[in-house]
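Read through the structure below, which is laid out as structure tokens, and then see the notes.
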Amino acid sequence: MKTFCNMEKQIHVFYTGMVQGVGFRFTTEDIAKDLGVCGWVKNLALGGVEIMAQAPEDVLKEFLSRINQHFSHYIRDVDIQWFPASNEFKKFSIEL
């Protein structure tokens, strides 16, 4: 599988709702690996989930769409910020 670790777009995403304890991080990691997205996902102390991800814009939109398809019942709010890619990621991982 091709990975997009040196690309032009990066997103920083915060999800709130019932997003912990439902397999959110593991499913997000699987989706990222399937699409070749680089970055990380982690749980936040106040119950949300944070994602940093990098890939072409169309791939990132598909990544977000798949996350929403899996977890729309659990997501209360999402905050997405788009940036130029930092090219700092080599793979996608779950951070602690």
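Just remember, in the structure tokens the first chain shown is A, the second B, etc., residues are 1-based per chain, and ligands are 1-based in the order shown.
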Might you pull out every residue within 9 Å of A:Leu96, with only C-alpha atoms counted and same-chain residues fewer than 6 positions away left off, and present them as a list in words?
->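 Those residues are Val41, Lys42 and Asn43 of chain A.
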Could you turn the residues from that selection into a file that holds all heavy atoms, as a compact mmCIF listing (two decimals), in the first residue's frame?
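Result file follows (again_28.txt):
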```
# COMPACT_ATOMS: atom_id res chain seq x y z
N VAL A 41 -3.61 9.27 15.93
CA VAL A 41 -4.89 9.47 16.60
C VAL A 41 -4.66 9.20 18.08
O VAL A 41 -3.86 8.33 18.44
CB VAL A 41 -5.99 8.54 16.04
CG1 VAL A 41 -5.62 7.07 16.15
CG2 VAL A 41 -7.35 8.81 16.68
N LYS A 42 -5.33 9.97 18.94
CA LYS A 42 -5.20 9.72 20.38
C LYS A 42 -6.44 10.18 21.12
O LYS A 42 -7.17 11.08 20.67
CB LYS A 42 -3.97 10.39 20.96
CG LYS A 42 -4.02 11.90 21.03
CD LYS A 42 -2.75 12.44 21.67
CE LYS A 42 -2.76 13.95 21.74
NZ LYS A 42 -1.53 14.48 22.35
N ASN A 43 -6.68 9.54 22.27
CA ASN A 43 -7.75 9.96 23.17
C ASN A 43 -7.28 11.18 23.94
O ASN A 43 -6.10 11.31 24.26
CB ASN A 43 -8.09 8.85 24.16
CG ASN A 43 -8.94 7.75 23.56
OD1 ASN A 43 -9.53 7.92 22.50
ND2 ASN A 43 -8.99 6.62 24.22
```
Can you tell me how far atom CA of A:Thr28 sits from atom CA of A:Leu64, in Å to one decimal?
->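 Atom-to-atom, atom CA of A:Thr28 and atom CA of A:Leu64 are spaced 9.2 Å apart.
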I need the residues in chain A that are strand (DSSP E) according to DSSP; give them as a CSV table (one decimal) with C-alpha atoms, in the first residue's frame.
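Dumped to out15.csv:
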```
chain,number,residue,atom,x,y,z
A,9,LYS,CA,-2.3,18.8,2.9
A,10,GLN,CA,-2.6,18.1,6.6
A,11,ILE,CA,-5.7,18.1,8.9
A,12,HIS,CA,-5.9,18.6,12.7
A,13,VAL,CA,-9.3,17.2,13.9
A,14,PHE,CA,-11.0,17.1,17.3
A,15,TYR,CA,-14.0,14.8,17.8
A,16,THR,CA,-16.3,15.1,20.8
A,17,GLY,CA,-19.2,12.9,21.9
A,38,CYS,CA,0.1,9.2,7.7
A,39,GLY,CA,-0.2,10.8,11.2
A,40,TRP,CA,-1.7,9.8,14.5
A,41,VAL,CA,-4.9,9.5,16.6
A,42,LYS,CA,-5.2,9.7,20.4
A,43,ASN,CA,-7.7,10.0,23.2
A,49,VAL,CA,-10.4,12.2,20.2
A,50,GLU,CA,-7.7,14.1,18.4
A,51,ILE,CA,-6.3,13.3,14.9
A,52,MET,CA,-3.3,14.7,12.9
A,53,ALA,CA,-3.3,13.3,9.4
A,54,GLN,CA,-1.5,14.0,6.1
A,55,ALA,CA,-2.3,12.9,2.6
A,75,ILE,CA,-19.9,12.0,17.2
A,76,ARG,CA,-21.5,15.1,18.7
A,77,ASP,CA,-19.1,17.6,17.2
A,78,VAL,CA,-16.1,17.8,14.9
A,79,ASP,CA,-13.6,20.6,14.5
A,80,ILE,CA,-11.4,20.3,11.4
A,81,GLN,CA,-8.5,22.6,10.6
A,82,TRP,CA,-6.6,22.3,7.2
A,83,PHE,CA,-2.9,23.2,6.9
A,84,PRO,CA,-0.1,22.7,4.5
A,92,PHE,CA,-0.1,6.3,11.0
A,93,SER,CA,-0.2,5.3,14.7
A,94,ILE,CA,-2.2,5.3,17.9
```
Return the single residue from A:Ile67, A:Arg25, A:Leu60, A:Lys33 that is closest to A:Glu95, with distances computed using only C-alpha atoms.
-> A:Arg25
List every residue of chain A that DSSP, applied to the backbone of this structure, places in alpha helix (DSSP H), and write the result as a list of chain:residue names.
-> A:Phe24, A:Arg25, A:Phe26, A:Thr27, A:Thr28, A:Glu29, A:Asp30, A:Ile31, A:Ala32, A:Lys33, A:Asp34, A:Leu35, A:Glu57, A:Asp58, A:Val59, A:Leu60, A:Lys61, A:Glu62, A:Phe63, A:Leu64, A:Ser65, A:Arg66, A:Ile67, A:Asn68, A:Gln69, A:His70, A:Phe71
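Nearest-residue note for A:Leu35: choosing from A:Gly47, A:Arg66, A:Asn87, A:Glu8, the minimum distance belongs to A:Arg66, counting only C-alpha atoms.
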Interatomic distance (Å, one decimal) between atom CA of A:Leu46 and atom CA of A:Phe89 |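 Separating atom CA of A:Leu46 from atom CA of A:Phe89 is a distance of 25.5 Å.
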Selected residue, from A:Val19, A:Ser86, A:Val37, A:Phe24, that lies nearest to A:Val59 when counting only C-alpha atoms =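 Between A:Val19, A:Ser86, A:Val37, A:Phe24, the residue approaching A:Val59 most closely is A:Val37.
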